[in-house]
Each structure stands twice: as structure tokens, then as C-alpha cells.
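Next comes work_26.cif, with mmCIF, C-alpha atoms and all ligand atoms.
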data_data
#
loop_
_atom_site.label_atom_id
_atom_site.label_comp_id
_atom_site.auth_asym_id
_atom_site.auth_seq_id
_atom_site.Cartn_x
_atom_site.Cartn_y
_atom_site.Cartn_z
CA MET A 166 0.00 0.00 0.00
CA SER A 167 1.15 3.52 -0.62
CA GLY A 168 -0.06 7.08 -1.00
CA ILE A 169 -3.79 7.75 -1.15
CA THR A 170 -4.87 4.10 -0.93
CA ASN A 171 -2.96 3.66 2.26
CA VAL A 172 -4.33 6.84 3.81
CA ASN A 173 -7.89 5.78 3.01
CA ALA A 174 -7.35 2.30 4.43
CA ILE A 175 -5.91 3.77 7.61
CA ARG A 176 -8.95 6.02 8.03
CA ARG A 177 -11.34 3.11 7.57
CA ASN A 178 -9.37 0.92 9.98
CA VAL A 179 -9.33 3.55 12.73
CA GLU A 180 -13.05 4.27 12.33
CA GLU A 181 -13.87 0.56 12.39
CA ILE A 182 -11.90 -0.11 15.59
CA LEU A 183 -13.23 3.02 17.32
CA ARG A 184 -16.78 1.90 16.50
CA GLN A 185 -16.16 -1.39 18.29
CA LEU A 186 -14.54 0.03 21.41
CA PRO A 187 -16.50 0.10 24.65
CA GLN A 188 -16.81 3.45 26.46
CA GLY A 189 -13.72 4.32 28.44
CA VAL A 190 -11.21 2.36 26.35
CA THR A 191 -8.44 4.42 24.72
CA LEU A 192 -7.03 3.35 21.37
CA VAL A 193 -3.30 4.07 21.10
CA ALA A 194 -1.92 3.98 17.56
CA ALA A 195 1.44 2.16 17.68
CA ALA A 196 3.51 4.23 15.27
CA LYS A 197 6.86 2.46 15.05
CA THR A 198 8.16 2.20 11.44
CA ARG A 199 5.23 4.29 10.13
CA THR A 200 5.53 7.52 8.13
CA ASN A 201 4.35 10.92 9.33
CA GLU A 202 1.70 10.84 6.61
CA GLU A 203 0.31 7.51 7.87
CA VAL A 204 0.17 8.68 11.46
CA ARG A 205 -1.42 11.97 10.43
CA ALA A 206 -4.16 10.01 8.63
CA ALA A 207 -4.81 7.99 11.80
CA ILE A 208 -5.08 11.17 13.88
CA GLU A 209 -7.46 12.74 11.37
CA ALA A 210 -9.63 9.62 11.64
CA GLY A 211 -9.95 10.03 15.41
CA ILE A 212 -6.78 8.73 17.07
CA GLN A 213 -6.05 10.85 20.15
CA VAL A 214 -2.99 9.03 21.48
CA VAL A 215 0.09 7.99 19.51
CA GLY A 216 2.37 5.35 21.03
CA HIS A 217 6.00 5.20 20.01
CA ASN A 218 8.76 2.75 20.93
CA TYR A 219 11.67 5.03 20.20
CA VAL A 220 12.42 8.41 21.76
CA GLN A 221 14.28 10.02 18.84
CA GLU A 222 11.79 8.88 16.19
CA ALA A 223 8.91 10.09 18.34
CA GLU A 224 10.55 13.48 18.75
CA LEU A 225 10.86 13.94 14.97
CA MET A 226 7.36 12.66 14.28
CA LYS A 227 5.79 14.81 16.98
CA ALA A 228 7.55 17.90 15.64
CA ALA A 229 6.45 17.10 12.07
CA LEU A 230 2.80 16.61 13.07
CA GLY A 231 2.54 19.72 15.23
CA GLY A 232 0.73 19.90 18.54
CA VAL A 233 -1.87 17.26 17.75
CA ALA A 234 -2.48 14.09 19.80
CA ARG A 235 -0.99 12.92 23.06
CA TRP A 236 2.13 10.77 23.04
CA HIS A 237 2.86 7.61 25.02
CA LEU A 238 6.22 5.88 25.20
CA ILE A 239 5.49 2.16 24.75
CA GLY A 240 9.04 0.86 24.18
CA HIS A 241 11.83 0.24 26.65
CA LEU A 242 13.40 3.44 27.99
CA GLN A 243 17.11 3.73 28.65
CA LYS A 244 18.07 6.01 31.51
CA ASN A 245 20.26 8.16 29.26
CA LYS A 246 17.15 9.05 27.24
CA ALA A 247 14.99 9.92 30.26
CA LYS A 248 15.41 13.67 29.85
CA LYS A 249 14.32 13.68 26.21
CA ALA A 250 11.46 11.27 27.01
CA ALA A 251 10.29 13.55 29.83
CA GLU A 252 10.15 16.44 27.36
CA ILE A 253 8.27 14.65 24.61
CA PHE A 254 5.82 12.21 26.15
CA ASP A 255 2.55 12.62 28.03
CA MET A 256 2.83 9.16 29.58
CA ILE A 257 5.64 6.62 29.97
CA GLU A 258 4.06 3.15 29.85
CA THR A 259 7.26 1.17 30.34
CA VAL A 260 8.80 1.99 33.71
CA ASP A 261 10.53 -1.15 34.99
CA SER A 262 13.00 -0.04 37.65
CA PHE A 263 13.22 2.39 40.52
CA LEU A 264 16.40 3.91 39.07
CA LEU A 265 14.57 4.75 35.85
CA ALA A 266 11.58 6.18 37.76
CA ALA A 267 13.94 8.29 39.91
CA LYS A 268 15.76 9.61 36.83
CA LEU A 269 12.45 10.55 35.22
CA ASP A 270 11.39 12.17 38.48
CA ARG A 271 14.49 14.39 38.56
CA GLU A 272 14.09 15.41 34.91
CA CYS A 273 10.39 16.19 35.39
CA ALA A 274 11.15 18.18 38.55
CA ASP A 275 13.58 20.31 36.51
CA MET A 276 10.82 20.89 33.94
CA GLY A 277 8.18 21.58 36.56
CA LYS A 278 5.91 18.77 35.41
CA VAL A 279 4.45 15.58 36.82
CA MET A 280 4.68 12.60 34.47
CA PRO A 281 2.01 9.89 34.50
CA ILE A 282 3.74 6.50 34.37
CA LEU A 283 2.76 2.85 34.10
CA ILE A 284 4.83 -0.05 35.36
CA GLU A 285 5.55 -2.62 32.65
CA ILE A 286 4.76 -6.13 33.86
CA ASN A 287 6.67 -9.04 32.32
CA SER A 288 3.61 -11.25 32.61
CA GLY A 289 5.11 -14.03 30.49
CA ARG A 290 8.30 -14.17 32.57
CA GLU A 291 10.32 -13.95 29.36
CA ALA A 292 14.07 -13.38 29.73
CA ALA A 293 14.15 -11.34 26.51
CA LYS A 294 11.40 -8.93 27.59
CA SER A 295 11.68 -5.96 29.89
CA GLY A 296 9.30 -5.26 32.71
CA VAL A 297 9.09 -6.49 36.28
CA LEU A 298 7.73 -9.86 37.31
CA PRO A 299 4.15 -9.74 38.61
CA GLU A 300 5.25 -10.43 42.19
CA GLU A 301 7.77 -7.54 42.05
CA ALA A 302 5.26 -4.92 40.95
CA GLU A 303 3.95 -3.85 44.36
CA ASN A 304 7.47 -3.40 45.73
CA LEU A 305 8.41 -1.12 42.84
CA ALA A 306 5.10 0.72 43.13
CA VAL A 307 5.68 1.49 46.81
CA LEU A 308 9.20 2.78 46.10
CA ILE A 309 7.78 5.04 43.39
CA THR A 310 5.34 6.63 45.89
CA SER A 311 8.33 8.49 47.35
CA LEU A 312 8.75 10.42 44.07
CA SER A 313 6.69 13.58 43.58
CA HIS A 314 7.21 14.30 39.86
CA VAL A 315 6.15 10.95 38.50
CA ARG A 316 2.70 9.56 39.25
CA LEU A 317 2.01 5.85 39.06
CA MET A 318 -1.31 5.38 37.25
CA GLY A 319 -1.37 1.70 36.29
CA PHE A 320 0.29 -1.16 34.44
CA MET A 321 1.20 -2.14 30.92
CA THR A 322 1.97 -5.61 29.63
CA LEU A 323 2.80 -7.29 26.33
CA GLY A 324 2.71 -11.00 27.13
CA PRO A 325 4.32 -13.65 24.93
CA PHE A 326 3.68 -13.17 21.23
CA SER A 327 1.11 -15.48 19.67
CA ASP A 328 -1.22 -15.39 16.67
CA ASN A 329 -3.96 -16.92 18.80
CA PRO A 330 -5.50 -14.26 21.06
CA GLU A 331 -6.67 -16.88 23.56
CA ASP A 332 -3.02 -17.65 24.32
CA SER A 333 -2.73 -14.12 25.74
CA ARG A 334 -5.65 -14.41 28.12
CA PRO A 335 -3.78 -15.96 31.10
CA TYR A 336 -1.12 -13.20 30.97
CA PHE A 337 -3.76 -10.48 30.83
CA LYS A 338 -5.57 -12.13 33.76
CA THR A 339 -2.38 -12.24 35.84
CA THR A 340 -1.69 -8.58 35.13
CA LYS A 341 -5.26 -7.60 36.06
CA GLU A 342 -4.99 -9.54 39.34
CA VAL A 343 -1.86 -7.65 40.34
CA PHE A 344 -3.52 -4.41 39.22
CA ASP A 345 -6.57 -5.08 41.41
CA ALA A 346 -4.43 -6.08 44.39
CA LEU A 347 -2.44 -2.87 44.20
CA SER A 348 -5.61 -0.80 43.76
CA ARG A 349 -7.11 -2.40 46.87
CA ALA A 350 -3.93 -1.82 48.88
CA GLY A 351 -4.79 1.89 48.74
CA HIS A 352 -1.26 3.32 48.86
CA ALA A 353 -1.06 7.10 48.96
CA ASN A 354 0.26 8.77 45.80
CA ILE A 355 -0.77 5.90 43.51
CA ASP A 356 -3.76 6.31 41.22
CA MET A 357 -4.42 2.94 39.55
CA ARG A 358 -6.55 3.94 36.58
CA PHE A 359 -4.98 2.54 33.43
CA LEU A 360 -4.38 -1.01 32.31
CA SER A 361 -2.62 -1.07 28.93
CA MET A 362 -2.79 -4.48 27.27
CA GLY A 363 -3.75 -5.92 23.92
CA MET A 364 -2.44 -5.42 20.39
CA SER A 365 -3.84 -6.09 16.90
CA SER A 366 -4.58 -9.77 17.41
CA SER A 367 -5.43 -9.71 21.12
CA TRP A 368 -7.24 -6.47 21.94
CA ARG A 369 -10.72 -7.97 22.25
CA VAL A 370 -9.47 -10.53 24.78
CA ALA A 371 -7.53 -7.79 26.56
CA ILE A 372 -10.66 -5.67 26.98
CA GLU A 373 -12.57 -8.70 28.29
CA GLU A 374 -9.81 -9.05 30.87
CA GLY A 375 -9.98 -5.41 31.95
CA ALA A 376 -7.75 -3.39 29.61
CA ASN A 377 -8.72 0.27 29.14
CA ILE A 378 -5.76 1.16 26.92
CA ILE A 379 -5.09 -0.93 23.81
CA ARG A 380 -2.06 -0.39 21.54
CA ILE A 381 -2.61 -1.18 17.87
CA GLY A 382 -0.25 -0.97 14.90
CA THR A 383 -0.91 -3.62 12.25
CA SER A 384 -4.73 -3.44 12.28
CA ILE A 385 -4.52 0.32 11.70
CA PHE A 386 -1.53 0.72 9.37
CA GLY A 387 -1.14 -2.74 7.80
CA ALA A 388 1.71 -5.23 8.15
CA ARG A 389 5.13 -3.83 9.00
CA SER A 390 7.53 -4.38 6.11
C1 LIG A 401 4.30 -2.66 17.96
C2 LIG A 401 3.67 -2.62 19.28
C3 LIG A 401 2.29 -2.72 19.45
C4 LIG A 401 1.33 -2.93 18.29
O1 LIG A 401 1.53 -4.19 17.71
P1 LIG A 401 0.61 -4.70 16.50
O2 LIG A 401 0.63 -6.17 16.64
O3 LIG A 401 1.24 -4.21 15.25
O4 LIG A 401 -0.75 -4.13 16.71
C5 LIG A 401 1.77 -2.63 20.73
N1 LIG A 401 2.56 -2.46 21.81
C6 LIG A 401 3.90 -2.37 21.69
C7 LIG A 401 4.71 -2.19 22.91
C8 LIG A 401 4.49 -2.44 20.43
O5 LIG A 401 5.83 -2.36 20.34
#
Please express what this file holds, its structure, as C-alpha cells.
Ligand SMILES: *Cc1c(COP(=O)(O)O)cnc(C)c1O
Amino acid sequence: MSGITNVNAIRRNVEEILRQLPQGVTLVAAAKTRTNEEVRAAIEAGIQVVGHNYVQEAELMKAALGGVARWHLIGHLQKNKAKKAAEIFDMIETVDSFLLAAKLDRECADMGKVMPILIEINSGREAAKSGVLPEEAENLAVLITSLSHVRLMGFMTLGPFSDNPEDSRPYFKTTKEVFDALSRAGHANIDMRFLSMGMSSSWRVAIEEGANIIRIGTSIFGARS
């Protein structure tokens, strides 16, 4: 796909997914490898949040598109990019260590802002994936409560990749259980509101299991080349 055809397909895809979403679920367009033109088409069709995996690419894309949309970091963040990430993004979905949270906190303090963050949960216990194990999440959450310029607002998870959405269900369930436990614990300075899980193949299952942020690339923009 290219040019006009692609733009039209993207519009239709966004409208179709938005029509199917229950109230209160936010559709994040996962923009990695996509062109500015493709992402602009998605925004014009109703996308309000763009998710990007890479800080530098997001910076260029955000500048090219102007002040439209909100921006979530959905890829792993290295500490040496925390300052730039704090400048660009409206939410960091992938916090997975106290050192990273503390670095973000210092950068946000310098900028006079408070950054909403999610903890990334490695629900599949995969060595190659980032995120904290489900049983480590509350510990990290409590440490983060000491920081005043980041605000913990929920969890994000990927889960092991599979073409069959049902394979993802147990990992989404685990993440929701930890989410509910932390919500019930009622720690000060934590506001558990967002559960980001589900991608192109798995978003319906994710919503059934409690997701209120879904991150979709392929079903909006087509297959990544
Ligand atoms: C690429 C990506 C997505 C979207 O994946 P699709 O299968 O293309 O919908 C969602 N979340 C993260 C973290 C991603 O990197």
C-alpha cells in the first residue's frame, strides 16, 4: 500500500476499531516504522494518542505533526534518554525499575511537570522482555510513591507473542490480578486507573480481561515491512 490508498485504508481501519470500542477504552496507535503521513491520517480519523517505541523517532514525528495528539512511550526506555522522554511524552508506559523512575522524576522536577507512568509487567516471565515480574510490581510501586514528579497510574503488559489471542488471556488475567491487588492496597500517591494491554490480534481478549488502553499498529496501518 502507498499514498492515497494507504491513507484511506488507515482512516477506515481507525473508524472501524473506534466503533467497536466500549466506552472508556483508549485506542493508542502504535507508530513504530510508520511515516508521518500515515500517522497523520490515523489522527485525522480520530486517534487521540500515539504510542511510540523510540524516543528520537517520536521526537521527529511529533515535531512534524505539530501539537496534535498525546504521546505515550510504549518501548523500553534507557536512563540516558529519560530527559528527552520527559520532554516529549505525556505518559511513559514502560517503567521497569526504581532507578529509571527516579531519573524521570528528577528530569520532570527540573521541567516543573508531573509525568504519568505505568509499570511494565513481564507477565510471560520472558528473559528477553523488559518489565518487572508480577510479584515484584507492588514493591516497585511502593518505592515510586516516594517520588513527587512521577505519578504511578497503572500497568502495561505485552505477554508472549502469539497469533492466537486466547493464548494471551492468562497473561492479561495475571496482570489484572496484580492491578486489582495494588488498587485495593490503597497506597497514597498511587492512582491505579490505566491497564494497557492488547495489540492487533489480542485487543478484544484484553478488553474482556480489563484493559482500558489498547495499543494497535498492524490493524490500523497494515503489516510492518
Ligand atoms: C508494535 C507494538 C504494538 C502494536 O503491535 P501490533 O501487533 O502491530 O498491533 C503494541 N505495543 C507495543 C509495545 C508495540 O511495540
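Those residues positioned at most 9 Å from (7.6, -13.3, 36.7) are Ile286, Asn287, Ser288, Gly289, Arg290, Glu291, Val297, Leu298, Pro299, Glu300 and Glu301 of chain A, judged using only C-alpha atoms.
Distances to ligand LIG 401 (chain A) were evaluated for A:Lys278, A:Lys341, A:Arg199, A:Arg316 using all atoms listed in the file, and the minimum falls at A:Arg199.
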* To do: For A:Met318, please output as a PyMOL selection string all residues within 8 Å (counting all atoms listed in the file; exclusion window: fewer than 3 positions along the same chain).
  => chain A and resi 281-283+355-359
* With all atoms listed in the file as the atoms that count, which of A:Ser390, A:Ser365, A:Ser313, A:Asn218 lies nearest to A:Val279? -> A:Ser313
Name all residues at most 9 Å from A:Leu360 (count only C-alpha atoms; drop same-chain ones fewer than 3 positions away) and give them as an mmCIF file with C-alpha atoms, in the coordinates of the input.
data_model
loop_
_atom_site.group_PDB
_atom_site.id
_atom_site.type_symbol
_atom_site.label_atom_id
_atom_site.label_comp_id
_atom_site.auth_asym_id
_atom_site.auth_seq_id
_atom_site.Cartn_x
_atom_site.Cartn_y
_atom_site.Cartn_z
ATOM 1 C CA LEU A 283 2.760 2.850 34.100
ATOM 2 C CA MET A 318 -1.310 5.380 37.250
ATOM 3 C CA GLY A 319 -1.370 1.700 36.290
ATOM 4 C CA PHE A 320 0.290 -1.160 34.440
ATOM 5 C CA MET A 321 1.200 -2.140 30.920
ATOM 6 C CA THR A 322 1.970 -5.610 29.630
ATOM 7 C CA THR A 340 -1.690 -8.580 35.130
ATOM 8 C CA LYS A 341 -5.260 -7.600 36.060
ATOM 9 C CA PHE A 344 -3.520 -4.410 39.220
ATOM 10 C CA MET A 357 -4.420 2.940 39.550
ATOM 11 C CA GLY A 375 -9.980 -5.410 31.950
ATOM 12 C CA ALA A 376 -7.750 -3.390 29.610
ATOM 13 C CA ASN A 377 -8.720 0.270 29.140
ATOM 14 C CA ILE A 378 -5.760 1.160 26.920
ATOM 15 C CA ILE A 379 -5.090 -0.930 23.810
#
* 8 Å shell around ligand LIG 401 (chain A) using all atoms listed in the file, listed as a ChimeraX atom specification -> /A:194-197,216-218,239-240,323,362-366,379-385,387-389
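Of the residues listed (A:Met256, A:Ala251, A:Leu230, A:Ile372), A:Leu230 shows the shortest atom-to-atom separation from A:Glu209; distances use all atoms listed in the file.
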* Asked: In Å, how far is it from atom CA of A:Glu181 to atom CA of A:Leu225?
  -> 28.2 Å
* To do: Could you jot down the atom CA of A:Ala174 to atom CA of A:Phe386 separation for me, Å, one decimal place?
  => 7.8 Å
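Shortest separation to A:Leu192 among A:Trp236, A:Phe263, A:Tyr219, A:Tyr336 occurs at residue A:Trp236, atoms counted being only C-alpha atoms.
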* To do: For each of A:Ala250, A:Val172, A:Val307, A:Val179, take the minimum atom-to-atom distance to A:Gln221, counting only C-alpha atoms, then give the residue where this is smallest.
  => A:Ala250
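Distances here use all atoms listed in the file; by that measure, the residue among A:Pro335, A:Glu303, A:Asp255, A:Leu183 closest to A:Ser348 is A:Glu303.
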* Find the residues around A:Ala267 up to 9 Å (only C-alpha atoms counted), leave out those fewer than 5 positions away in its own chain, and share them as a PyMOL selection string. => chain A and resi 262+272+309+312+315
Put those residues in a file: C-alpha atoms, as a tab-separated table (two decimals), keeping the file's coordinate frame.
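Output file selection_11.tsv follows:
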chain	number	residue	atom	x	y	z
A	262	SER	CA	13.00	-0.04	37.65
A	272	GLU	CA	14.09	15.41	34.91
A	309	ILE	CA	7.78	5.04	43.39
A	312	LEU	CA	8.75	10.42	44.07
A	315	VAL	CA	6.15	10.95	38.50
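Distance-wise, atom CA of A:Ile253 and atom CA of A:Asn178 end up 26.7 Å apart.
All residues of protein, DNA or RNA that reach within 10 Å of A:Ile212, judged by only C-alpha atoms and not counting those fewer than 2 positions away in the chain, are Arg176, Val179, Glu180, Leu183, Thr191, Leu192, Val193, Ala194, Val204, Arg205, Ala206, Ala207, Ile208, Glu209, Ala210, Val214, Val215, Val233, Ala234 and Arg235 of chain A.
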Could you complete stretch 350-361 of chain A so that it carries all heavy atoms, and give it back as a short mmCIF file (atom, residue, chain, number, x, y, z; two decimals), in the frame of the given file?
data_model
loop_
_atom_site.label_atom_id
_atom_site.label_comp_id
_atom_site.auth_asym_id
_atom_site.auth_seq_id
_atom_site.Cartn_x
_atom_site.Cartn_y
_atom_site.Cartn_z
N ALA A 350 -4.88 -2.12 47.80
CA ALA A 350 -3.93 -1.82 48.88
C ALA A 350 -4.02 -0.34 49.29
O ALA A 350 -3.65 0.00 50.42
CB ALA A 350 -2.51 -2.18 48.45
N GLY A 351 -4.49 0.50 48.38
CA GLY A 351 -4.79 1.89 48.74
C GLY A 351 -3.59 2.72 49.16
O GLY A 351 -3.70 3.58 50.04
N HIS A 352 -2.44 2.50 48.55
CA HIS A 352 -1.26 3.32 48.86
C HIS A 352 -1.50 4.77 48.48
O HIS A 352 -2.10 5.05 47.44
CB HIS A 352 -0.04 2.81 48.10
CG HIS A 352 0.37 1.43 48.47
ND1 HIS A 352 0.99 1.12 49.67
CD2 HIS A 352 0.25 0.26 47.80
CE1 HIS A 352 1.23 -0.17 49.71
NE2 HIS A 352 0.80 -0.73 48.60
N ALA A 353 -1.00 5.68 49.32
CA ALA A 353 -1.06 7.10 48.96
C ALA A 353 -0.17 7.34 47.74
O ALA A 353 0.83 6.65 47.54
CB ALA A 353 -0.58 7.95 50.14
N ASN A 354 -0.58 8.36 46.93
CA ASN A 354 0.26 8.77 45.80
C ASN A 354 0.34 7.74 44.67
O ASN A 354 1.25 7.77 43.84
CB ASN A 354 1.67 9.13 46.28
CG ASN A 354 2.38 10.07 45.33
OD1 ASN A 354 1.72 10.81 44.59
ND2 ASN A 354 3.70 10.03 45.32
N ILE A 355 -0.61 6.81 44.65
CA ILE A 355 -0.77 5.90 43.51
C ILE A 355 -2.22 6.04 43.06
O ILE A 355 -3.11 6.09 43.89
CB ILE A 355 -0.51 4.42 43.90
CG1 ILE A 355 0.94 4.22 44.31
CG2 ILE A 355 -0.88 3.50 42.74
CD1 ILE A 355 1.26 2.78 44.69
N ASP A 356 -2.41 6.10 41.74
CA ASP A 356 -3.76 6.31 41.22
C ASP A 356 -3.99 5.28 40.12
O ASP A 356 -3.79 5.54 38.95
CB ASP A 356 -3.83 7.75 40.68
CG ASP A 356 -5.23 8.14 40.27
OD1 ASP A 356 -6.17 7.35 40.51
OD2 ASP A 356 -5.39 9.23 39.70
N MET A 357 -4.35 4.05 40.51
CA MET A 357 -4.42 2.94 39.55
C MET A 357 -5.65 3.09 38.66
O MET A 357 -6.75 2.70 39.03
CB MET A 357 -4.44 1.61 40.30
CG MET A 357 -3.17 1.34 41.09
SD MET A 357 -1.70 1.21 40.05
CE MET A 357 -1.92 -0.42 39.33
N ARG A 358 -5.45 3.64 37.48
CA ARG A 358 -6.55 3.94 36.58
C ARG A 358 -6.42 3.27 35.22
O ARG A 358 -7.41 3.05 34.55
CB ARG A 358 -6.58 5.45 36.31
CG ARG A 358 -7.60 6.16 37.14
CD ARG A 358 -7.84 7.52 36.54
NE ARG A 358 -7.33 8.54 37.44
CZ ARG A 358 -7.38 9.83 37.18
NH1 ARG A 358 -7.87 10.25 36.03
NH2 ARG A 358 -6.92 10.69 38.04
N PHE A 359 -5.18 3.00 34.81
CA PHE A 359 -4.98 2.54 33.43
C PHE A 359 -4.35 1.16 33.39
O PHE A 359 -3.36 0.89 34.08
CB PHE A 359 -4.10 3.53 32.67
CG PHE A 359 -4.68 4.91 32.60
CD1 PHE A 359 -4.04 5.98 33.20
CD2 PHE A 359 -5.89 5.13 31.96
CE1 PHE A 359 -4.58 7.26 33.15
CE2 PHE A 359 -6.44 6.40 31.90
CZ PHE A 359 -5.79 7.47 32.49
N LEU A 360 -4.92 0.32 32.54
CA LEU A 360 -4.38 -1.01 32.31
C LEU A 360 -4.21 -1.15 30.80
O LEU A 360 -5.18 -1.26 30.05
CB LEU A 360 -5.33 -2.07 32.88
CG LEU A 360 -4.85 -3.52 32.87
CD1 LEU A 360 -3.46 -3.66 33.50
CD2 LEU A 360 -5.85 -4.40 33.61
N SER A 361 -2.94 -1.09 30.36
CA SER A 361 -2.62 -1.07 28.93
C SER A 361 -2.22 -2.46 28.49
O SER A 361 -1.13 -2.93 28.79
CB SER A 361 -1.48 -0.06 28.69
OG SER A 361 -1.04 -0.12 27.34
#
